[in-house]
$ cat my_file.cif   # mmCIF, C-alpha atoms
data_start
#
loop_
_atom_site.label_atom_id
_atom_site.label_comp_id
_atom_site.auth_asym_id
_atom_site.auth_seq_id
_atom_site.Cartn_x
_atom_site.Cartn_y
_atom_site.Cartn_z
CA MET K 1 176.15 222.92 194.39
CA ASN K 2 178.45 220.73 196.49
CA ALA K 3 177.41 222.65 199.59
CA ILE K 4 173.79 221.68 198.94
CA TYR K 5 174.09 218.11 197.70
CA GLY K 6 177.27 217.01 199.48
CA PRO K 7 175.66 216.63 202.93
CA ILE K 8 172.63 214.91 201.35
CA ILE K 9 174.87 212.33 199.65
CA ARG K 10 176.92 211.72 202.81
CA ASP K 11 173.79 211.35 204.94
CA GLY K 12 172.21 208.83 202.59
CA LEU K 13 175.27 206.69 202.07
CA TRP K 14 176.87 206.82 205.51
CA LYS K 15 176.11 209.35 208.25
CA ASN K 16 172.32 208.85 208.33
CA ASN K 17 172.00 205.54 206.46
CA PRO K 18 168.43 204.29 207.07
CA ALA K 19 169.55 200.71 207.72
CA LEU K 20 172.69 201.35 209.79
CA VAL K 21 171.90 204.56 211.70
CA GLN K 22 168.15 205.09 211.66
CA LEU K 23 167.59 201.30 211.81
CA LEU K 24 164.42 201.64 209.74
CA GLY K 25 162.96 199.13 207.30
CA LEU K 26 164.59 196.21 209.08
CA CYS K 27 161.75 193.74 208.46
CA PRO K 28 162.27 193.40 204.69
CA LEU K 29 166.00 193.96 205.05
CA LEU K 30 166.40 190.96 207.34
CA ALA K 31 163.78 188.78 205.66
CA VAL K 32 164.87 188.79 202.00
CA SER K 33 168.60 189.45 202.21
CA ASN K 34 169.61 185.78 202.05
CA THR K 35 171.13 186.24 198.56
CA VAL K 36 172.65 189.10 196.60
CA ILE K 37 169.95 189.03 193.91
CA ASN K 38 167.06 189.06 196.39
CA GLY K 39 168.60 192.00 198.22
CA LEU K 40 169.30 193.85 194.98
CA GLY K 41 165.74 193.30 193.73
CA LEU K 42 164.12 194.71 196.86
CA GLY K 43 166.71 197.48 197.02
CA LEU K 44 165.99 198.70 193.50
CA ALA K 45 162.26 198.71 194.25
CA THR K 46 162.96 200.77 197.37
CA ILE K 47 165.13 203.25 195.44
CA ILE K 48 162.40 203.83 192.86
CA THR K 49 159.82 204.29 195.62
CA LEU K 50 161.97 206.76 197.56
CA VAL K 51 162.85 208.85 194.50
CA ALA K 52 159.28 208.97 193.15
CA SER K 53 157.61 209.61 196.53
CA ASN K 54 160.12 212.29 197.53
CA GLY K 55 159.70 214.01 194.17
CA LEU K 56 155.90 214.00 194.29
CA VAL K 57 155.70 215.07 197.94
CA SER K 58 158.12 217.93 197.30
CA LEU K 59 156.27 218.97 194.13
CA PHE K 60 152.91 219.21 195.91
CA ARG K 61 154.17 220.15 199.37
CA LYS K 62 152.51 223.58 199.33
CA GLN K 63 149.13 222.13 198.31
CA ILE K 64 149.06 219.41 201.00
CA PRO K 65 147.39 220.64 204.22
CA ASP K 66 149.27 219.86 207.43
CA GLU K 67 146.37 217.96 208.99
CA ALA K 68 146.23 215.54 206.02
CA ARG K 69 149.89 215.20 205.15
CA LEU K 70 150.48 211.67 206.52
CA PRO K 71 147.45 210.10 204.77
CA VAL K 72 148.48 211.86 201.56
CA PHE K 73 152.06 210.62 201.90
CA VAL K 74 150.86 207.05 202.42
CA LEU K 75 148.52 207.32 199.42
CA ILE K 76 151.36 208.56 197.21
CA ILE K 77 153.72 205.81 198.40
CA ALA K 78 151.06 203.11 198.03
CA SER K 79 150.32 204.19 194.46
CA ILE K 80 153.99 204.02 193.51
CA VAL K 81 154.49 200.63 195.17
CA THR K 82 151.42 199.25 193.38
CA VAL K 83 152.91 200.22 190.01
CA ILE K 84 156.24 198.62 190.99
CA GLU K 85 154.52 195.44 192.21
CA LEU K 86 152.51 195.03 189.00
CA SER K 87 155.59 195.73 186.88
CA MET K 88 157.66 193.13 188.74
CA ASN K 89 154.85 190.61 188.44
CA ALA K 90 154.80 191.18 184.68
CA TRP K 91 158.53 191.30 183.89
CA PHE K 92 160.29 189.61 186.83
CA HIS K 93 157.67 187.08 187.86
CA GLU K 94 159.96 184.53 189.51
CA LEU K 95 161.73 187.21 191.55
CA TYR K 96 158.34 188.69 192.39
CA LEU K 97 157.23 185.33 193.80
CA ILE K 98 160.38 185.07 195.93
CA LEU K 99 160.09 188.57 197.37
CA GLY K 100 156.38 188.00 197.91
CA ILE K 101 154.68 190.10 200.58
CA PHE K 102 157.76 192.24 201.13
CA ILE K 103 157.14 194.23 197.94
CA PRO K 104 153.75 195.64 199.07
CA LEU K 105 155.20 196.04 202.58
CA ILE K 106 157.44 198.77 201.15
CA VAL K 107 154.41 201.00 201.75
CA THR K 108 154.88 200.59 205.50
CA ASN K 109 158.65 201.14 205.42
CA CYS K 110 159.25 203.91 207.96
CA ALA K 111 162.33 205.08 206.08
CA ILE K 112 160.20 206.13 203.08
CA THR K 113 157.51 207.88 205.11
CA GLY K 114 160.20 209.44 207.27
CA ARG K 115 162.04 210.97 204.31
CA ALA K 116 158.77 212.33 202.90
CA GLU K 117 157.96 213.96 206.24
CA ALA K 118 161.43 215.06 207.34
CA PHE K 119 162.93 216.18 204.01
CA ALA K 120 160.73 216.13 200.90
CA ALA K 121 157.90 218.11 202.50
CA ARG K 122 160.34 220.88 203.43
CA ASN K 123 162.64 221.14 200.41
CA PRO K 124 162.51 221.80 196.64
CA VAL K 125 162.19 218.97 194.14
CA GLY K 126 165.88 218.76 193.18
CA PRO K 127 167.29 218.15 196.67
CA ALA K 128 164.30 215.89 197.48
CA LEU K 129 165.06 213.66 194.49
CA ILE K 130 168.74 213.45 195.42
CA ASP K 131 167.84 212.69 199.03
CA GLY K 132 165.50 209.89 197.99
CA PHE K 133 168.05 208.41 195.61
CA MET K 134 170.95 208.49 198.07
CA MET K 135 168.88 207.10 200.94
CA GLY K 136 167.74 204.33 198.62
CA VAL K 137 171.28 203.60 197.46
CA GLY K 138 172.48 203.47 201.07
CA PHE K 139 169.68 201.08 202.00
CA THR K 140 170.33 198.93 198.92
CA ALA K 141 174.06 198.78 199.64
CA VAL K 142 173.34 197.29 203.06
CA LEU K 143 170.86 194.83 201.53
CA VAL K 144 173.39 193.66 198.94
CA LEU K 145 176.28 193.48 201.42
CA LEU K 146 174.20 191.51 203.92
CA GLY K 147 172.92 189.29 201.12
CA ALA K 148 176.46 188.62 199.94
CA MET K 149 177.59 187.70 203.46
CA ARG K 150 174.67 185.36 204.06
CA GLU K 151 174.83 183.74 200.61
CA LEU K 152 178.59 183.23 200.84
CA ILE K 153 178.45 181.66 204.32
CA GLY K 154 175.17 179.84 203.81
CA LEU K 155 175.61 178.51 200.26
CA GLY K 156 179.23 179.15 199.32
CA THR K 157 178.18 181.13 196.23
CA LEU K 158 177.67 184.69 195.04
CA PHE K 159 175.08 185.98 192.53
CA SER K 160 173.20 182.68 192.45
CA GLU K 161 169.97 182.84 190.42
CA ALA K 162 171.06 186.06 188.71
CA HIS K 163 168.80 185.14 185.80
CA LEU K 164 165.79 186.08 187.93
CA MET K 165 166.73 189.72 187.46
CA PHE K 166 168.98 189.85 184.41
CA GLY K 167 167.44 187.19 182.18
CA GLU K 168 168.59 183.83 180.86
CA ALA K 169 171.90 185.25 179.67
CA ALA K 170 172.87 185.79 183.32
CA ARG K 171 172.73 182.11 184.32
CA GLY K 172 176.51 182.01 184.13
CA PHE K 173 176.93 184.96 186.51
CA SER K 174 176.85 182.69 189.58
CA ILE K 175 180.22 182.38 191.30
CA VAL K 176 180.97 179.22 193.26
CA VAL K 177 183.42 180.37 195.93
CA PHE K 178 183.63 177.15 197.93
CA GLU K 179 183.58 173.90 195.98
CA ASP K 180 181.72 170.95 197.57
CA TYR K 181 180.47 173.27 200.31
CA ARG K 182 177.83 171.68 202.52
CA GLY K 183 176.38 175.04 203.54
CA PHE K 184 175.65 176.72 206.86
CA LEU K 185 171.90 176.89 207.37
CA MET K 186 171.83 179.47 210.16
CA ALA K 187 173.28 182.12 207.84
CA LEU K 188 170.18 181.80 205.63
CA LEU K 189 167.72 181.94 208.55
CA PRO K 190 166.58 185.05 210.51
CA PRO K 191 169.23 184.63 213.25
CA GLY K 192 171.93 184.84 210.58
CA ALA K 193 170.38 188.07 209.30
CA PHE K 194 170.42 189.65 212.77
CA ILE K 195 174.02 188.59 213.39
CA GLY K 196 175.15 189.82 209.96
CA LEU K 197 173.47 193.21 210.34
CA GLY K 198 174.91 193.57 213.82
CA LEU K 199 178.41 192.97 212.47
CA ILE K 200 177.92 195.57 209.72
CA VAL K 201 176.61 198.15 212.22
CA ALA K 202 179.53 197.40 214.54
CA LEU K 203 182.01 197.86 211.67
CA LYS K 204 180.48 201.22 210.80
CA ASN K 205 180.71 202.35 214.42
CA VAL K 206 184.38 201.33 214.58
CA ILE K 207 185.15 203.27 211.39
CA ASP K 208 183.30 206.35 212.68
CA ALA K 209 185.13 206.17 216.02
CA ARG K 210 188.52 205.95 214.28
CA GLU K 211 187.71 208.90 212.03
CA THR K 212 186.64 210.96 215.06
CA THR K 213 189.86 210.08 216.87
CA GLN K 214 191.98 211.01 213.85
CA VAL K 215 190.22 214.37 213.48
CA GLN K 216 190.77 215.16 217.15
CA THR K 217 194.43 214.18 216.84
CA VAL K 218 195.08 216.24 213.72
CA ASP K 219 193.03 219.27 214.79
CA PRO K 220 192.92 219.37 218.60
CA VAL K 221 190.90 222.07 220.31
CA ALA K 222 193.18 225.00 220.92
CA GLU K 223 193.91 225.87 224.54
CA PRO K 224 192.64 229.30 225.56
CA ALA K 225 195.41 231.83 225.68
CA ALA K 226 196.73 232.71 229.14
CA SER K 227 195.69 236.13 230.34
#
$ encode --input "my_file.cif" --output "structure tokens"
Amino acid sequence: MNAIYGPIIRDGLWKNNPALVQLLGLCPLLAVSNTVINGLGLGLATIITLVASNGLVSLFRKQIPDEARLPVFVLIIASIVTVIELSMNAWFHELYLILGIFIPLIVTNCAITGRAEAFAARNPVGPALIDGFMMGVGFTAVLVLLGAMRELIGLGTLFSEAHLMFGEAARGFSIVVFEDYRGFLMALLPPGAFIGLGLIVALKNVIDARETTQVQTVDPVAEPAAS
């Protein structure tokens, strides 16, 4: 079991993270990640889309002809996103208004179509569901981390407007980190998003490089024996 799902989990969370390695879906990631709650809202919608689309594509993979697979994938993804959009409009209307066009734009997210084509269409339902979930969690983690960075630097708070997702009882969830903070506007604008994502990608590359160096130090390649 671990041999099957272990690599899928590692790929989704770290080694092949769609936001940090594949660099897919950057438009919504950079546009709405100015607060933790906005990033979490879009991330959860993306997780649901990835899991549902991967599951359906895998379930019907043998019935989908090769020449029509991409239109079918887009139709499946669009149907799922439409359900999510209508549900958010009904139950999370204020958050829906903030996320705006970026909810329907999930349909065009290359990470979702890419996973349907590269993994779900070639694997059974179980691994496809896990792949969709872990890729979604990896993408959401980057959204939330980037949102936390931008909100903290731009507003001096964390989890502001949590009630948009968790209801009126969550109005007290907001954490004011810097009292009497005048804010830093650039962190909330697109340049701040690019800089923040670049720093996260750079940090990941540094961690990967250190791990590679440690592995080579602990387990160096053996010298061929002298004849």
$ residues_near_point --input "my_file.cif" --point "(173.5, 188.0, 197.2)" --cutoff "8 Å" --atoms "only C-alpha atoms" --output "list in words"
Ser33, Asn34, Thr35, Val36, Ile37, Asn38, Gly39, Leu40, Val144, Leu145, Leu146, Gly147, Ala148, Met149, Arg150, Glu151, Leu152, Leu158, Phe159 and Ser160 of chain K
$ atom_distance --input "my_file.cif" --atom1 "CA of Gly172 (chain K)" --atom2 "CA of Ile200 (chain K)"
29.0 Å
$ residues_around --input "my_file.cif" --residues "Asn205 (chain K)" --least-positions-apart "5" --cutoff "10 Å" --atoms "all atoms listed in the file" --output "PyMOL selection string"
chain K and resi 20-21+199-200+210-211
$ residues_around --input "my_file.cif" --residues "Gly12 (chain K)" --least-positions-apart "4" --cutoff "8 Å" --atoms "only C-alpha atoms" --output "number ranges by chain"
K: 8, 16-18, 131, 134-138
$ resolve_selection --input "my_file.cif" --expression "the PyMOL selection byres ((chain K and resi 105-120) around 8)" --output "ChimeraX atom specification"
/K:18,24-25,28,46,49-50,53-55,57-58,61,70,73-74,77-78,81,101-104,121-125,128,131-132
$ atom_distance --input "my_file.cif" --atom1 "CA of Ala169 (chain K)" --atom2 "CA of Ile84 (chain K)"
23.5 Å
$ atom_distance --input "my_file.cif" --atom1 "CA of Ser174 (chain K)" --atom2 "CA of Gly156 (chain K)"
10.6 Å
$ decode --input "my_file.cif" --residues "region 59-92 of chain K" --atoms "N, CA and C atoms" --output "PDB file, in the first residue's frame"
ATOM      1  N   LEU K  59     -12.740   6.553 -13.630  1.00  0.00           N
ATOM      2  CA  LEU K  59     -13.859   5.604 -13.680  1.00  0.00           C
ATOM      3  C   LEU K  59     -14.278   5.302 -15.114  1.00  0.00           C
ATOM      4  N   PHE K  60     -14.254   6.333 -15.966  1.00  0.00           N
ATOM      5  CA  PHE K  60     -14.729   6.161 -17.347  1.00  0.00           C
ATOM      6  C   PHE K  60     -13.589   6.167 -18.364  1.00  0.00           C
ATOM      7  N   ARG K  61     -12.366   5.941 -17.908  1.00  0.00           N
ATOM      8  CA  ARG K  61     -11.217   6.071 -18.787  1.00  0.00           C
ATOM      9  C   ARG K  61     -11.253   5.097 -19.964  1.00  0.00           C
ATOM     10  N   LYS K  62     -11.821   3.915 -19.754  1.00  0.00           N
ATOM     11  CA  LYS K  62     -11.856   2.927 -20.837  1.00  0.00           C
ATOM     12  C   LYS K  62     -12.968   3.210 -21.848  1.00  0.00           C
ATOM     13  N   GLN K  63     -13.946   4.025 -21.461  1.00  0.00           N
ATOM     14  CA  GLN K  63     -15.039   4.364 -22.372  1.00  0.00           C
ATOM     15  C   GLN K  63     -14.776   5.660 -23.151  1.00  0.00           C
ATOM     16  N   ILE K  64     -13.763   6.420 -22.756  1.00  0.00           N
ATOM     17  CA  ILE K  64     -13.486   7.697 -23.420  1.00  0.00           C
ATOM     18  C   ILE K  64     -12.528   7.465 -24.576  1.00  0.00           C
ATOM     19  N   PRO K  65     -12.944   7.737 -25.810  1.00  0.00           N
ATOM     20  CA  PRO K  65     -12.042   7.540 -26.958  1.00  0.00           C
ATOM     21  C   PRO K  65     -10.891   8.534 -26.920  1.00  0.00           C
ATOM     22  N   ASP K  66      -9.735   8.127 -27.415  1.00  0.00           N
ATOM     23  CA  ASP K  66      -8.540   8.965 -27.361  1.00  0.00           C
ATOM     24  C   ASP K  66      -8.734  10.290 -28.084  1.00  0.00           C
ATOM     25  N   GLU K  67      -9.426  10.265 -29.217  1.00  0.00           N
ATOM     26  CA  GLU K  67      -9.572  11.485 -30.011  1.00  0.00           C
ATOM     27  C   GLU K  67     -10.491  12.510 -29.354  1.00  0.00           C
ATOM     28  N   ALA K  68     -11.258  12.095 -28.331  1.00  0.00           N
ATOM     29  CA  ALA K  68     -12.192  13.021 -27.681  1.00  0.00           C
ATOM     30  C   ALA K  68     -11.874  13.238 -26.213  1.00  0.00           C
ATOM     31  N   ARG K  69     -10.717  12.767 -25.769  1.00  0.00           N
ATOM     32  CA  ARG K  69     -10.466  12.772 -24.332  1.00  0.00           C
ATOM     33  C   ARG K  69     -10.377  14.187 -23.759  1.00  0.00           C
ATOM     34  N   LEU K  70      -9.697  15.117 -24.426  1.00  0.00           N
ATOM     35  CA  LEU K  70      -9.567  16.458 -23.871  1.00  0.00           C
ATOM     36  C   LEU K  70     -10.907  17.187 -23.776  1.00  0.00           C
ATOM     37  N   PRO K  71     -11.744  17.172 -24.821  1.00  0.00           N
ATOM     38  CA  PRO K  71     -13.076  17.786 -24.662  1.00  0.00           C
ATOM     39  C   PRO K  71     -13.900  17.140 -23.550  1.00  0.00           C
ATOM     40  N   VAL K  72     -13.788  15.828 -23.403  1.00  0.00           N
ATOM     41  CA  VAL K  72     -14.524  15.144 -22.338  1.00  0.00           C
ATOM     42  C   VAL K  72     -13.989  15.558 -20.976  1.00  0.00           C
ATOM     43  N   PHE K  73     -12.671  15.651 -20.848  1.00  0.00           N
ATOM     44  CA  PHE K  73     -12.081  16.082 -19.576  1.00  0.00           C
ATOM     45  C   PHE K  73     -12.572  17.486 -19.204  1.00  0.00           C
ATOM     46  N   VAL K  74     -12.556  18.392 -20.171  1.00  0.00           N
ATOM     47  CA  VAL K  74     -12.996  19.763 -19.911  1.00  0.00           C
ATOM     48  C   VAL K  74     -14.466  19.792 -19.527  1.00  0.00           C
ATOM     49  N   LEU K  75     -15.285  18.972 -20.186  1.00  0.00           N
ATOM     50  CA  LEU K  75     -16.716  18.917 -19.864  1.00  0.00           C
ATOM     51  C   LEU K  75     -16.929  18.420 -18.434  1.00  0.00           C
ATOM     52  N   ILE K  76     -16.183  17.392 -18.042  1.00  0.00           N
ATOM     53  CA  ILE K  76     -16.294  16.872 -16.680  1.00  0.00           C
ATOM     54  C   ILE K  76     -15.884  17.933 -15.661  1.00  0.00           C
ATOM     55  N   ILE K  77     -14.741  18.579 -15.902  1.00  0.00           N
ATOM     56  CA  ILE K  77     -14.242  19.601 -14.983  1.00  0.00           C
ATOM     57  C   ILE K  77     -15.209  20.775 -14.903  1.00  0.00           C
ATOM     58  N   ALA K  78     -15.729  21.210 -16.051  1.00  0.00           N
ATOM     59  CA  ALA K  78     -16.654  22.349 -16.072  1.00  0.00           C
ATOM     60  C   ALA K  78     -17.934  22.036 -15.301  1.00  0.00           C
ATOM     61  N   SER K  79     -18.421  20.808 -15.413  1.00  0.00           N
ATOM     62  CA  SER K  79     -19.628  20.426 -14.678  1.00  0.00           C
ATOM     63  C   SER K  79     -19.393  20.481 -13.172  1.00  0.00           C
ATOM     64  N   ILE K  80     -18.241  19.978 -12.737  1.00  0.00           N
ATOM     65  CA  ILE K  80     -17.922  19.987 -11.312  1.00  0.00           C
ATOM     66  C   ILE K  80     -17.777  21.418 -10.799  1.00  0.00           C
ATOM     67  N   VAL K  81     -17.079  22.253 -11.555  1.00  0.00           N
ATOM     68  CA  VAL K  81     -16.855  23.637 -11.135  1.00  0.00           C
ATOM     69  C   VAL K  81     -18.177  24.399 -11.080  1.00  0.00           C
ATOM     70  N   THR K  82     -19.086  24.108 -11.995  1.00  0.00           N
ATOM     71  CA  THR K  82     -20.394  24.768 -11.975  1.00  0.00           C
ATOM     72  C   THR K  82     -21.147  24.440 -10.686  1.00  0.00           C
ATOM     73  N   VAL K  83     -21.107  23.189 -10.271  1.00  0.00           N
ATOM     74  CA  VAL K  83     -21.753  22.794  -9.014  1.00  0.00           C
ATOM     75  C   VAL K  83     -21.101  23.522  -7.840  1.00  0.00           C
ATOM     76  N   ILE K  84     -19.768  23.588  -7.832  1.00  0.00           N
ATOM     77  CA  ILE K  84     -19.060  24.279  -6.744  1.00  0.00           C
ATOM     78  C   ILE K  84     -19.416  25.758  -6.732  1.00  0.00           C
ATOM     79  N   GLU K  85     -19.439  26.378  -7.909  1.00  0.00           N
ATOM     80  CA  GLU K  85     -19.747  27.812  -7.994  1.00  0.00           C
ATOM     81  C   GLU K  85     -21.145  28.109  -7.472  1.00  0.00           C
ATOM     82  N   LEU K  86     -22.131  27.324  -7.881  1.00  0.00           N
ATOM     83  CA  LEU K  86     -23.499  27.538  -7.413  1.00  0.00           C
ATOM     84  C   LEU K  86     -23.620  27.296  -5.911  1.00  0.00           C
ATOM     85  N   SER K  87     -22.898  26.302  -5.407  1.00  0.00           N
ATOM     86  CA  SER K  87     -22.932  26.010  -3.972  1.00  0.00           C
ATOM     87  C   SER K  87     -22.317  27.149  -3.168  1.00  0.00           C
ATOM     88  N   MET K  88     -21.190  27.682  -3.642  1.00  0.00           N
ATOM     89  CA  MET K  88     -20.559  28.803  -2.934  1.00  0.00           C
ATOM     90  C   MET K  88     -21.440  30.046  -2.982  1.00  0.00           C
ATOM     91  N   ASN K  89     -22.092  30.262  -4.110  1.00  0.00           N
ATOM     92  CA  ASN K  89     -22.995  31.407  -4.228  1.00  0.00           C
ATOM     93  C   ASN K  89     -24.150  31.300  -3.243  1.00  0.00           C
ATOM     94  N   ALA K  90     -24.586  30.073  -2.977  1.00  0.00           N
ATOM     95  CA  ALA K  90     -25.719  29.862  -2.075  1.00  0.00           C
ATOM     96  C   ALA K  90     -25.317  29.930  -0.608  1.00  0.00           C
ATOM     97  N   TRP K  91     -24.169  29.339  -0.251  1.00  0.00           N
ATOM     98  CA  TRP K  91     -23.825  29.177   1.169  1.00  0.00           C
ATOM     99  C   TRP K  91     -22.683  30.079   1.643  1.00  0.00           C
ATOM    100  N   PHE K  92     -21.855  30.542   0.705  1.00  0.00           N
ATOM    101  CA  PHE K  92     -20.732  31.422   1.075  1.00  0.00           C
ATOM    102  C   PHE K  92     -20.733  32.623   0.133  1.00  0.00           C
TER     103      PHE K  92
END
